[in-house]
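Participant: Data: data.txt, compact mmCIF, C-alpha atoms.
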# COMPACT_ATOMS: atom_id res chain seq x y z
CA MET P 1 14.70 19.31 -14.49
CA THR P 2 12.12 16.79 -13.31
CA ILE P 3 8.49 17.95 -13.34
CA PRO P 4 6.34 15.92 -10.92
CA VAL P 5 3.31 14.30 -12.55
CA LYS P 6 0.00 14.78 -10.80
CA ILE P 7 -2.35 11.82 -10.57
CA PHE P 8 -5.75 12.57 -9.04
CA GLY P 9 -4.35 15.87 -7.81
CA GLN P 10 -1.43 14.22 -6.01
CA THR P 11 2.27 13.91 -6.83
CA THR P 12 2.87 11.01 -4.40
CA VAL P 13 2.05 7.70 -6.07
CA ASP P 14 1.54 5.13 -3.31
CA ASP P 15 -0.16 1.71 -3.30
CA GLU P 16 -3.63 3.25 -2.96
CA ILE P 17 -3.17 5.63 -5.90
CA ILE P 18 -1.82 2.78 -8.05
CA SER P 19 -4.94 0.70 -7.31
CA ILE P 20 -7.28 3.65 -7.99
CA LEU P 21 -5.47 4.31 -11.26
CA ALA P 22 -5.79 0.65 -12.27
CA GLY P 23 -9.56 0.84 -11.78
CA TYR P 24 -9.74 4.13 -13.66
CA ILE P 25 -7.84 2.73 -16.65
CA ALA P 26 -10.05 -0.36 -16.67
CA SER P 27 -13.10 1.91 -17.14
CA GLY P 28 -11.69 3.20 -20.43
CA SER P 29 -12.04 6.83 -19.40
CA SER P 30 -9.64 9.41 -20.82
CA LEU P 31 -6.26 9.63 -19.08
CA SER P 32 -6.15 13.37 -19.84
CA GLU P 33 -8.66 13.93 -17.03
CA ILE P 34 -6.51 12.43 -14.26
CA GLU P 35 -4.51 15.50 -13.27
CA ASN P 36 -7.63 17.59 -12.69
CA ILE P 37 -9.48 15.04 -10.53
CA SER P 38 -8.76 15.73 -6.89
CA LEU P 39 -9.33 12.94 -4.36
CA ILE P 40 -9.44 13.13 -0.58
CA ILE P 41 -8.39 9.75 0.80
CA ASN P 42 -9.03 8.82 4.44
CA SER P 43 -8.68 5.45 6.15
CA ASP P 44 -12.23 4.35 5.37
CA ALA P 45 -13.53 6.87 2.81
CA LEU P 46 -12.66 8.54 -0.49
CA THR P 47 -14.27 11.81 -1.58
CA VAL P 48 -14.25 13.32 -5.07
CA THR P 49 -16.23 15.99 -6.96
CA LEU P 50 -17.34 15.14 -10.52
CA HIS P 51 -19.91 16.83 -12.79
CA GLY P 52 -20.66 19.22 -9.93
CA LYS P 53 -21.55 16.36 -7.55
CA THR P 54 -19.70 15.46 -4.35
CA ILE P 55 -19.22 11.69 -4.16
CA MET P 56 -18.21 9.70 -1.09
CA ILE P 57 -17.12 6.06 -1.31
CA THR P 58 -16.85 4.42 2.09
CA THR P 59 -16.72 1.10 3.91
CA ASN P 60 -18.11 2.65 7.09
CA ASP P 61 -21.86 3.23 7.42
CA GLN P 62 -21.20 5.94 9.99
CA ARG P 63 -19.29 8.11 7.49
CA ILE P 64 -22.45 9.07 5.57
CA GLU P 65 -22.75 12.85 5.52
CA PRO P 66 -25.81 14.78 4.30
CA VAL P 67 -23.72 17.22 2.24
CA ARG P 68 -22.64 14.40 -0.09
CA ASP P 69 -24.68 14.23 -3.30
CA ILE P 70 -23.76 10.60 -3.94
CA VAL P 71 -22.75 8.03 -1.33
CA VAL P 72 -21.52 4.50 -2.04
CA ILE P 73 -21.26 2.12 0.92
CA LEU P 74 -19.16 -0.96 0.16
CA ASN P 75 -18.84 -4.39 1.73
CA ARG P 76 -21.71 -4.47 4.22
CA LEU P 77 -21.63 -8.11 5.36
CA ILE P 78 -24.97 -9.89 4.81
CA SER P 79 -24.89 -13.57 5.79
CA GLU P 80 -22.07 -14.95 3.60
CA SER P 81 -22.36 -12.21 0.96
CA TYR P 82 -21.49 -8.52 0.69
CA MET P 83 -23.96 -5.71 -0.04
CA HIS P 84 -22.97 -2.50 -1.82
CA ILE P 85 -25.35 0.46 -1.55
CA LEU P 86 -25.73 3.52 -3.77
CA LYS P 87 -27.55 6.52 -2.30
CA THR P 88 -28.44 9.85 -3.89
CA ASN P 89 -31.09 12.44 -3.07
CA SER P 90 -33.62 10.46 -5.11
CA ILE P 91 -32.53 6.81 -5.23
CA LYS P 92 -31.23 3.98 -3.11
CA GLU P 93 -30.09 0.81 -4.88
CA LYS P 94 -28.22 -2.29 -3.77
CA TRP P 95 -25.84 -4.80 -5.35
CA ILE P 96 -24.64 -8.14 -3.96
CA THR P 97 -21.29 -9.89 -4.47
CA PHE P 98 -19.92 -13.06 -2.89
CA ARG P 99 -16.58 -11.45 -2.12
CA PRO P 100 -15.65 -8.05 -0.67
CA ILE P 101 -14.70 -5.34 -3.15
CA ASN P 102 -11.35 -3.55 -3.14
CA LYS P 103 -12.43 0.04 -2.46
CA TYR P 104 -9.49 1.55 -4.35
CA TYR P 105 -10.09 -0.42 -7.55
CA PHE P 106 -13.77 0.43 -7.13
CA ALA P 107 -13.15 4.16 -6.66
CA GLY P 108 -11.01 4.39 -9.80
CA ALA P 109 -13.49 2.50 -11.96
CA PHE P 110 -16.52 4.39 -10.57
CA ILE P 111 -14.82 7.73 -11.24
CA GLY P 112 -14.06 6.66 -14.81
CA PHE P 113 -17.53 5.32 -15.60
CA TYR P 114 -19.27 8.29 -13.95
CA LEU P 115 -17.19 10.72 -15.99
CA ILE P 116 -18.34 8.93 -19.14
CA SER P 117 -22.04 8.52 -18.36
CA ASN P 118 -22.88 11.14 -15.69
CA ASN P 119 -25.25 8.46 -14.36
CA PRO P 120 -24.45 6.98 -10.92
CA VAL P 121 -26.56 3.83 -11.39
CA ASP P 122 -24.98 3.07 -14.76
CA ALA P 123 -21.52 3.76 -13.29
CA MET P 124 -22.27 1.46 -10.33
CA ASP P 125 -23.48 -1.36 -12.60
CA LYS P 126 -20.40 -1.22 -14.82
CA THR P 127 -18.00 -0.79 -11.89
CA ILE P 128 -19.35 -3.81 -10.00
CA ASP P 129 -19.04 -5.92 -13.17
CA ILE P 130 -15.45 -4.97 -13.88
CA ILE P 131 -14.24 -5.01 -10.26
CA LYS P 132 -15.21 -8.67 -9.99
CA THR P 133 -12.30 -9.42 -12.32
CA MET P 134 -9.75 -6.99 -10.91
CA GLY P 135 -6.84 -8.88 -9.38
CA ASN P 136 -7.86 -12.04 -11.21
CA ASP P 137 -7.95 -12.09 -15.02
CA ASN P 138 -8.13 -8.35 -15.68
CA PRO P 139 -4.97 -7.36 -17.61
CA VAL P 140 -4.96 -3.81 -16.24
CA SER P 141 -4.63 -4.93 -12.63
CA GLY P 142 -1.80 -7.26 -13.62
CA VAL P 143 0.12 -4.38 -15.21
CA TRP P 144 -0.25 -2.21 -12.12
CA GLU P 145 0.76 -5.03 -9.79
CA ARG P 146 4.00 -5.34 -11.74
CA LEU P 147 4.48 -1.56 -11.63
CA ASN P 148 4.00 -1.65 -7.87
CA TYR P 149 6.67 -4.37 -7.65
CA TYR P 150 9.17 -2.18 -9.53
CA ARG P 151 8.31 0.78 -7.31
CA MET P 152 8.95 -1.32 -4.20
CA TYR P 153 12.19 -2.66 -5.69
CA LYS P 154 13.38 0.91 -6.30
CA ARG P 155 12.47 1.91 -2.75
CA LEU P 156 14.45 -1.07 -1.45
CA LEU P 157 17.55 0.06 -3.36
CA GLU P 158 17.10 3.61 -2.06
CA ALA P 159 16.68 2.34 1.51
CA THR P 160 19.83 0.23 1.25
CA GLU P 161 21.75 3.24 -0.02
CA ARG P 162 20.47 5.32 2.90
CA LEU P 163 21.65 2.70 5.37
CA LEU P 164 25.09 2.53 3.81
CA SER P 165 25.62 6.25 3.36
CA ARG P 166 24.16 8.15 6.28
CA SER P 167 21.85 6.17 8.52
CA SER P 168 22.45 6.35 12.25
CA LEU P 169 21.24 2.74 12.45
CA LEU P 170 24.72 1.54 11.65
CA GLU P 171 26.04 3.39 14.69
CA ILE P 172 24.19 1.08 17.07
CA GLN P 173 26.10 -1.84 15.61
CA GLY P 174 29.28 -0.47 17.18
CA HIS P 175 32.25 -2.20 15.59
CA ARG P 176 30.86 -5.71 15.90
CA ASN P 177 30.51 -8.25 13.15
CA THR P 178 26.79 -8.32 12.45
CA GLU P 179 24.06 -8.05 9.80
CA ILE P 180 20.98 -6.08 8.83
CA LEU P 181 18.30 -7.56 6.56
CA ILE P 182 16.07 -5.22 4.58
CA GLY P 183 13.44 -6.24 2.04
CA PHE P 184 9.83 -6.50 0.98
CA MET P 185 7.28 -9.19 0.27
CA ASN P 186 5.90 -9.29 -3.27
CA ASP P 187 2.23 -9.91 -4.18
CA ASP P 188 3.00 -13.61 -4.80
CA LEU P 189 4.40 -13.81 -1.22
CA SER P 190 7.96 -14.21 -2.46
CA VAL P 191 10.56 -11.98 -0.80
CA PHE P 192 13.24 -9.64 -2.13
CA ALA P 193 15.88 -8.89 0.47
CA SER P 194 19.29 -7.29 0.75
CA LYS P 195 21.81 -8.07 3.48
CA ILE P 196 24.06 -5.37 4.93
CA ILE P 197 27.12 -6.82 6.58
CA VAL P 198 28.92 -4.81 9.26
CA TRP P 199 32.49 -6.05 9.66
CA GLY P 200 34.33 -3.95 12.20
CA ARG P 201 34.53 -0.48 10.67
CA ASN P 202 33.55 -1.74 7.22
CA THR P 203 30.13 -2.20 5.67
CA LEU P 204 29.01 -3.85 2.48
CA SER P 205 25.71 -4.96 1.02
CA THR P 206 24.45 -7.74 -1.20
CA PRO P 207 22.10 -6.91 -4.10
CA PRO P 208 18.42 -7.79 -3.58
CA VAL P 209 17.90 -11.54 -3.84
CA ARG P 210 14.58 -13.27 -4.49
CA ILE P 211 13.62 -15.82 -1.83
CA VAL P 212 10.68 -18.14 -2.35
CA SER P 213 9.16 -17.72 1.10
CA ILE P 214 9.53 -15.26 3.95
CA LYS P 215 9.16 -18.22 6.34
CA LYS P 216 12.38 -19.59 4.91
CA LEU P 217 14.15 -16.26 5.43
CA LEU P 218 12.63 -15.42 8.82
CA PRO P 219 11.39 -18.61 10.49
CA GLY P 220 9.22 -18.12 13.54
CA ILE P 221 8.49 -14.43 12.86
CA ASN P 222 4.95 -13.15 12.33
CA VAL P 223 5.07 -10.96 9.21
CA LYS P 224 2.81 -7.97 9.85
CA ASN P 225 3.29 -5.88 6.71
CA ARG P 226 4.94 -5.79 3.34
CA SER P 227 8.36 -4.24 4.09
CA PHE P 228 10.77 -5.21 6.84
CA ILE P 229 14.08 -4.41 8.46
CA CYS P 230 15.72 -7.00 10.71
CA LEU P 231 18.58 -6.33 13.11
CA ASP P 232 20.91 -8.79 14.78
CA ILE P 233 19.19 -9.86 18.00
CA GLY P 234 22.47 -9.60 19.90
CA ILE P 235 22.70 -5.80 19.63
CA LEU P 236 19.22 -5.00 20.92
CA GLU P 237 19.68 -6.15 24.51
CA ASN P 238 16.41 -5.16 26.22
CA ASN P 239 15.12 -2.79 23.52
CA ARG P 240 12.79 -5.29 21.86
CA ALA P 241 9.32 -3.80 22.42
CA LEU P 242 9.06 -2.57 18.82
CA PHE P 243 10.17 -5.85 17.25
CA GLU P 244 9.14 -9.36 16.25
CA CYS P 245 12.06 -11.66 17.10
CA ASN P 246 13.34 -15.18 16.50
CA ASP P 247 16.64 -16.62 17.71
CA ARG P 248 18.64 -14.70 15.06
CA TYR P 249 16.90 -11.44 14.14
CA CYS P 250 14.52 -8.83 15.51
CA CYS P 251 12.34 -7.29 12.80
CA VAL P 252 10.06 -4.29 12.36
CA PHE P 253 7.45 -4.15 9.58
CA GLY P 254 5.71 -1.45 7.56
CA GLY P 255 4.56 -0.38 4.12
CA ASP P 256 7.74 1.34 2.93
CA PRO P 257 11.40 0.45 3.64
CA ILE P 258 12.68 4.04 3.83
CA LYS P 259 9.95 5.02 6.28
CA LEU P 260 10.95 2.00 8.36
CA ILE P 261 14.51 3.25 8.54
CA ILE P 262 13.31 6.65 9.73
CA LYS P 263 11.07 4.96 12.32
CA LEU P 264 13.98 2.94 13.68
CA GLU P 265 16.30 5.95 13.72
CA LYS P 266 13.75 7.84 15.84
CA PHE P 267 13.30 4.81 18.10
CA PHE P 268 17.01 4.45 18.89
CA SER P 269 17.45 8.21 19.14
CA SER P 270 14.78 8.34 21.85
CA LYS P 271 16.58 5.57 23.76
CA LYS P 272 19.71 7.70 23.94
CA THR P 273 17.95 10.67 25.55
Represent the structure contained in this file as structure tokens.
Facilitator:
Amino acid sequence: MTIPVKIFGQTTVDDEIISILAGYIASGSSLSEIENISLIINSDALTVTLHGKTIMITTNDQRIEPVRDIVVILNRLISESYMHILKTNSIKEKWITFRPINKYYFAGAFIGFYLISNNPVDAMDKTIDIIKTMGNDNPVSGVWERLNYYRMYKRLLEATERLLSRSSLLEIQGHRNTEILIGFMNDDLSVFASKIIVWGRNTLSTPPVRIVSIKKLLPGINVKNRSFICLDIGILENNRALFECNDRYCCVFGGDPIKLIIKLEKFFSSKKT
């Protein structure tokens, strides 16, 4: 029996949670606290309650709400620098960096440091210092980048299995001789891709292969996100509105390969009705 592990109150570990967790670990705070910390994550804001205080971390000045005890506004562009503002009922302080801050790394580190000190200014100071190294020479971020790669690799294998076993995408191929490419782009911009070959009534797949550049695999296609599925251009006829195409493939992009399959299945299902 598998018991799902909760991280920040959630059982789904996506790219954002991985980055938040990397920042949290970098703060040195106790990992035993993670399950009981509940985060609300929106497109431009994260909200958490710690030490009886409601904290909002946002990149949007308009998201400031008076019910928040502590508000952190990140990445306000000032000339060629970025300002980061901490507001509470009694203080307003500012920090400057030359590069924008990753809000997920920041949120994890700020949560960790605030748990330790119960002092928002101290937590902000330490978080800004450590976030400057995240993604560069910080060993914690390197570990979590590799973990994210293995997670994506596993999702690619699961997506390939879905295509081979039960996906309605193969039905649109008819009984022609054609191919489907499915893969993802790694943090170093290299590509891991599998090829599904449809040969009459038969299908087979190649294991994921590392390719140095996505431009080599998909020349002339504008890569819009990390994961991709590419169909033979010959089978799409006039149904190309969803796709980026070259003279060989038409591709759709997203953050997760299995979700891309579901998106395409719904797309072709709607074309039949």
Participant: So which residues touch stretch 205-218 of chain P within 6 Å, counting all atoms listed in the file, skipping near sequence neighbours fewer than 2 positions away, as a list in words?
Facilitator: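 So the residues in contact are Ser190, Val191, Phe192, Ala193, Ser194, Lys195, Ile196 and Ile221 of chain P.
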Participant: Write a file of the selected residues as a PDB file, in the coordinates of the input, keeping C-alpha atoms.
Facilitator:
ATOM      1  CA  SER P 190       7.960 -14.210  -2.460  1.00  0.00           C
ATOM      2  CA  VAL P 191      10.560 -11.980  -0.800  1.00  0.00           C
ATOM      3  CA  PHE P 192      13.240  -9.640  -2.130  1.00  0.00           C
ATOM      4  CA  ALA P 193      15.880  -8.890   0.470  1.00  0.00           C
ATOM      5  CA  SER P 194      19.290  -7.290   0.750  1.00  0.00           C
ATOM      6  CA  LYS P 195      21.810  -8.070   3.480  1.00  0.00           C
ATOM      7  CA  ILE P 196      24.060  -5.370   4.930  1.00  0.00           C
ATOM      8  CA  ILE P 221       8.490 -14.430  12.860  1.00  0.00           C
TER       9      ILE P 221
END
Participant: Could you list, as a VMD selection string, every residue within 12 Å of P:Met56, counting all atoms listed in the file and ignoring same-chain residues fewer than 6 positions away?
Facilitator: chain P and resid 39 to 42 44 to 50 63 to 74 85 to 88 103 106 to 107 110 to 111 120
Participant: What is the distance, in Å and to one decimal place, between atom CA of P:Phe243 and atom CA of P:Tyr149?
Facilitator: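 Atom-to-atom, atom CA of P:Phe243 to atom CA of P:Tyr149, that is 25.2 Å.
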Participant: Name all residues at most 10 Å from P:Leu31 (count only C-alpha atoms; drop same-chain ones fewer than 6 positions away) and give them as a list in words.
Facilitator: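 Listing them by chain and then by number gives Ile7, Leu21, Tyr24, Ile25 and Gly112 of chain P.
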Participant: Do a neighbour search on P:Gly28 at 12 Å with all atoms listed in the file, toss out local chain neighbours closer than 5 positions, and write the hits as a CSV table (one decimal) with C-alpha atoms, keeping the file's coordinate frame.
Facilitator:
chain,number,residue,atom,x,y,z
P,21,LEU,CA,-5.5,4.3,-11.3
P,22,ALA,CA,-5.8,0.6,-12.3
P,23,GLY,CA,-9.6,0.8,-11.8
P,33,GLU,CA,-8.7,13.9,-17.0
P,108,GLY,CA,-11.0,4.4,-9.8
P,109,ALA,CA,-13.5,2.5,-12.0
P,110,PHE,CA,-16.5,4.4,-10.6
P,111,ILE,CA,-14.8,7.7,-11.2
P,112,GLY,CA,-14.1,6.7,-14.8
P,113,PHE,CA,-17.5,5.3,-15.6
P,114,TYR,CA,-19.3,8.3,-14.0
P,115,LEU,CA,-17.2,10.7,-16.0
P,116,ILE,CA,-18.3,8.9,-19.1
P,117,SER,CA,-22.0,8.5,-18.4
P,126,LYS,CA,-20.4,-1.2,-14.8
P,127,THR,CA,-18.0,-0.8,-11.9
P,130,ILE,CA,-15.4,-5.0,-13.9
P,140,VAL,CA,-5.0,-3.8,-16.2
Participant: Using Å and a single decimal, report how far atom CA of P:Ala26 sits from atom CA of P:Tyr82.
Facilitator: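 Atom-to-atom, atom CA of P:Tyr82 to atom CA of P:Ala26, that is 22.3 Å.
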Participant: Out of P:Glu265, P:Asp256, P:Asp15, P:Glu35, which residue has the shortest atom-to-atom distance to P:Lys154 when counting all atoms listed in the file?
Facilitator: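 Nearest candidate to P:Lys154 out of P:Glu265, P:Asp256, P:Asp15, P:Glu35: P:Asp256.
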Participant: Do you have the atom CA of P:Glu161-atom CA of P:Gly234 distance handy?
Facilitator: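 Taking atom CA of P:Glu161 as the start and atom CA of P:Gly234 as the end point, the length is 23.7 Å.
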Participant: Any idea what's packed within 7 Å of P:Asp232, counting all atoms listed in the file, ignoring anything in its chain fewer than 3 positions away? Could you give it as an NGL selection string?
Facilitator: :P and (178-180 or 235 or 248-250)
Participant: Under the rule that only C-alpha atoms are counted, which of P:Asn75, P:Asn225, P:Asn186, P:Thr160 is the nearest residue to P:Trp95?
Facilitator: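 Nearest candidate to P:Trp95 out of P:Asn75, P:Asn225, P:Asn186, P:Thr160: P:Asn75.
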